[in-house]
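*Asks:* Hey, dropping input.csv in here, CSV, C-alpha atoms:
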chain,number,residue,atom,x,y,z
Z,1,MET,CA,-21.8,13.7,-15.7
Z,2,ALA,CA,-18.9,11.2,-15.3
Z,3,LYS,CA,-16.1,12.2,-13.0
Z,4,VAL,CA,-12.8,12.4,-14.8
Z,5,ILE,CA,-10.1,10.6,-12.9
Z,6,ARG,CA,-6.6,12.0,-13.3
Z,7,LEU,CA,-3.8,9.4,-13.7
Z,8,PRO,CA,-1.0,9.9,-11.2
Z,9,ASP,CA,2.2,11.5,-12.5
Z,10,ARG,CA,5.7,10.4,-11.6
Z,11,GLU,CA,5.8,12.6,-8.5
Z,12,ASP,CA,2.5,11.3,-7.2
Z,13,ILE,CA,3.7,7.7,-7.6
Z,14,VAL,CA,7.0,8.4,-5.9
Z,15,LYS,CA,5.3,10.1,-2.9
Z,16,ARG,CA,2.8,7.2,-2.6
Z,17,MET,CA,5.6,4.7,-2.7
Z,18,TRP,CA,7.4,6.6,0.1
Z,19,ARG,CA,4.3,6.7,2.2
Z,20,LEU,CA,3.7,3.0,1.8
Z,21,ALA,CA,7.4,2.2,2.6
Z,22,ASN,CA,7.0,4.2,5.9
Z,23,ALA,CA,3.5,3.1,6.8
Z,24,GLY,CA,3.0,1.8,10.3
Z,25,ALA,CA,1.4,-1.5,11.3
Z,26,GLY,CA,-0.2,-0.3,14.5
Z,27,ASP,CA,-3.8,0.1,13.2
Z,28,ALA,CA,-3.7,-3.3,11.5
Z,29,VAL,CA,-2.5,-4.9,14.8
Z,30,ARG,CA,-5.4,-3.1,16.6
Z,31,LEU,CA,-7.8,-4.4,14.1
Z,32,ALA,CA,-6.5,-8.0,14.6
Z,33,CYS,CA,-6.9,-7.7,18.4
Z,34,PHE,CA,-10.6,-6.9,18.4
Z,35,PRO,CA,-13.4,-9.2,17.2
Z,36,PRO,CA,-15.3,-8.0,14.1
Z,37,GLU,CA,-18.3,-6.9,16.2
Z,38,GLU,CA,-16.1,-4.2,17.7
Z,39,TRP,CA,-14.8,-2.8,14.4
Z,40,GLN,CA,-16.6,0.5,14.6
Z,41,GLY,CA,-14.6,3.3,13.0
Z,42,VAL,CA,-12.5,0.9,10.8
Z,43,ASP,CA,-12.7,3.4,8.0
Z,44,LYS,CA,-10.5,5.8,10.0
Z,45,LEU,CA,-7.7,3.3,10.5
Z,46,GLU,CA,-4.5,3.5,8.4
Z,47,LEU,CA,-4.4,0.2,6.7
Z,48,ASP,CA,-2.6,1.1,3.4
Z,49,ALA,CA,0.3,-1.2,4.0
Z,50,LEU,CA,-1.9,-4.1,4.9
Z,51,THR,CA,-2.3,-6.4,1.9
Z,52,GLU,CA,-4.0,-9.4,3.5
Z,53,PHE,CA,-6.0,-10.1,6.7
Z,54,LYS,CA,-7.2,-13.5,7.7
Z,55,ARG,CA,-8.9,-14.7,10.8
Z,56,GLY,CA,-9.2,-18.4,11.1
Z,57,SER,CA,-12.1,-20.3,12.8
Z,58,ASN,CA,-9.6,-21.3,15.5
Z,59,GLY,CA,-8.9,-17.6,16.2
Z,60,VAL,CA,-5.5,-17.4,14.6
Z,61,VAL,CA,-5.0,-14.0,12.8
Z,62,GLU,CA,-2.7,-13.6,9.8
Z,63,LEU,CA,-1.6,-10.2,8.7
Z,64,LYS,CA,0.5,-9.6,5.5
Z,65,PHE,CA,2.0,-6.2,4.7
Z,66,VAL,CA,3.7,-4.7,1.6
Z,67,ASP,CA,7.3,-5.8,1.1
Z,68,ARG,CA,9.1,-2.7,2.3
Z,69,GLY,CA,12.5,-3.8,0.9
Z,70,ARG,CA,11.1,-4.4,-2.5
Z,71,LEU,CA,9.2,-1.2,-2.5
Z,72,LEU,CA,12.3,0.8,-1.5
Z,73,GLU,CA,14.3,-0.9,-4.3
Z,74,ARG,CA,11.6,0.2,-6.8
Z,75,LEU,CA,11.5,3.7,-5.2
Z,76,LEU,CA,15.2,4.0,-5.5
Z,77,ASP,CA,15.0,2.9,-9.2
Z,78,ALA,CA,12.2,5.3,-9.9
Z,79,VAL,CA,14.1,8.2,-8.3
Z,80,ASP,CA,17.4,7.4,-10.0
Z,81,HIS,CA,15.9,7.2,-13.4
Z,82,SER,CA,14.0,10.1,-14.9
Z,83,GLY,CA,11.5,9.8,-17.7
Z,84,GLU,CA,8.0,8.5,-18.3
Z,85,ASP,CA,9.3,5.1,-19.4
Z,86,GLN,CA,10.4,4.3,-15.8
Z,87,VAL,CA,6.9,5.2,-14.5
Z,88,ASP,CA,5.3,3.1,-17.2
Z,89,ARG,CA,7.5,0.1,-16.3
Z,90,PHE,CA,6.7,0.5,-12.6
Z,91,LEU,CA,3.0,0.6,-13.3
Z,92,GLN,CA,3.2,-2.4,-15.5
Z,93,ALA,CA,5.1,-4.3,-12.9
Z,94,MET,CA,2.6,-3.4,-10.2
Z,95,GLU,CA,-0.3,-4.5,-12.4
Z,96,GLY,CA,1.4,-7.8,-13.0
Z,97,GLU,CA,1.6,-8.5,-9.3
Z,98,GLY,CA,-2.0,-7.5,-8.6
How does this structure look as structure tokens?

*Replies:*
Amino acid sequence: MAKVIRLPDREDIVKRMWRLANAGAGDAVRLACFPPEEWQGVDKLELDALTEFKRGSNGVVELKFVDRGRLLERLLDAVDHSGEDQVDRFLQAMEGEG
């Protein structure tokens, strides 16, 4: 039997945006400091705010995170305006960035 996936409602989206806007970078930095062969337990790290991780052949590590300012602007807009059309516009904007 196929599992039914419930779409997030407005409140779920706002809560998720708030968590992302306040997510720490500590676990991503820890991940960057250790070589891949020492990445045991990586599934327990909080990496939600990490959008990109690159390790170059020369050892340089590049981490990119969600744009907190932009996320907070969208969160403010979502909170200030009620109605499903705001949620729909937010979801469409996020899909366009993906």

*Asks:* Here is a test: counting all atoms listed in the file, which residue of Z:Ile5, Z:Val60, Z:Ala21, Z:Val14 is nearest to Pro35 in chain Z?

*Replies:*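 Of Z:Ile5, Z:Val60, Z:Ala21, Z:Val14, the one nearest Pro35 in chain Z, counting all atoms listed in the file, is Z:Val60.
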
*Asks:* Do you have the CA of Gly96 in chain Z-CA of Asp80 in chain Z distance handy?

*Replies:*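 Those two atoms sit 22.3 Å apart.
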
*Asks:* I'd like the neighbourhood of Leu71 in chain Z as a ChimeraX atom specification, where a residue qualifies if any of its atoms comes within 9 Å (using all atoms listed in the file), though same-chain residues fewer than 5 positions away should be ignored.

*Replies:* /Z:17-18,20-21,66,76

*Asks:* Taking into account only C-alpha atoms, which residue in the set Z:Leu50, Z:Leu72, Z:Ala23, Z:Ile13 is nearest to Phe90 in chain Z?

*Replies:* Z:Ile13

*Asks:* For Gly24 in chain Z, find every residue with an atom within 12 Å (counting only C-alpha atoms), except residues of its own chain fewer than 4 positions away, and show them as a count of residues only.

*Replies:* 14

*Asks:* Hey, which of Z:Arg89, Z:Arg6, Z:Arg55, Z:Arg74 ends up closest to Cys33 in chain Z? Count only C-alpha atoms.

*Replies:*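 Using only C-alpha atoms, the shortest distance to Cys33 in chain Z belongs to Z:Arg55.
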
*Asks:* One number please: CA of Leu63 in chain Z to CA of Arg16 in chain Z, in Å, one decimal.

*Replies:*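 CA of Arg16 in chain Z lies 21.2 Å from CA of Leu63 in chain Z.
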
*Asks:* At what distance in Å, to one decimal, does CA of Leu91 in chain Z lie from CA of Leu7 in chain Z?

*Replies:*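 Between CA of Leu7 in chain Z and CA of Leu91 in chain Z the gap works out to 11.1 Å.
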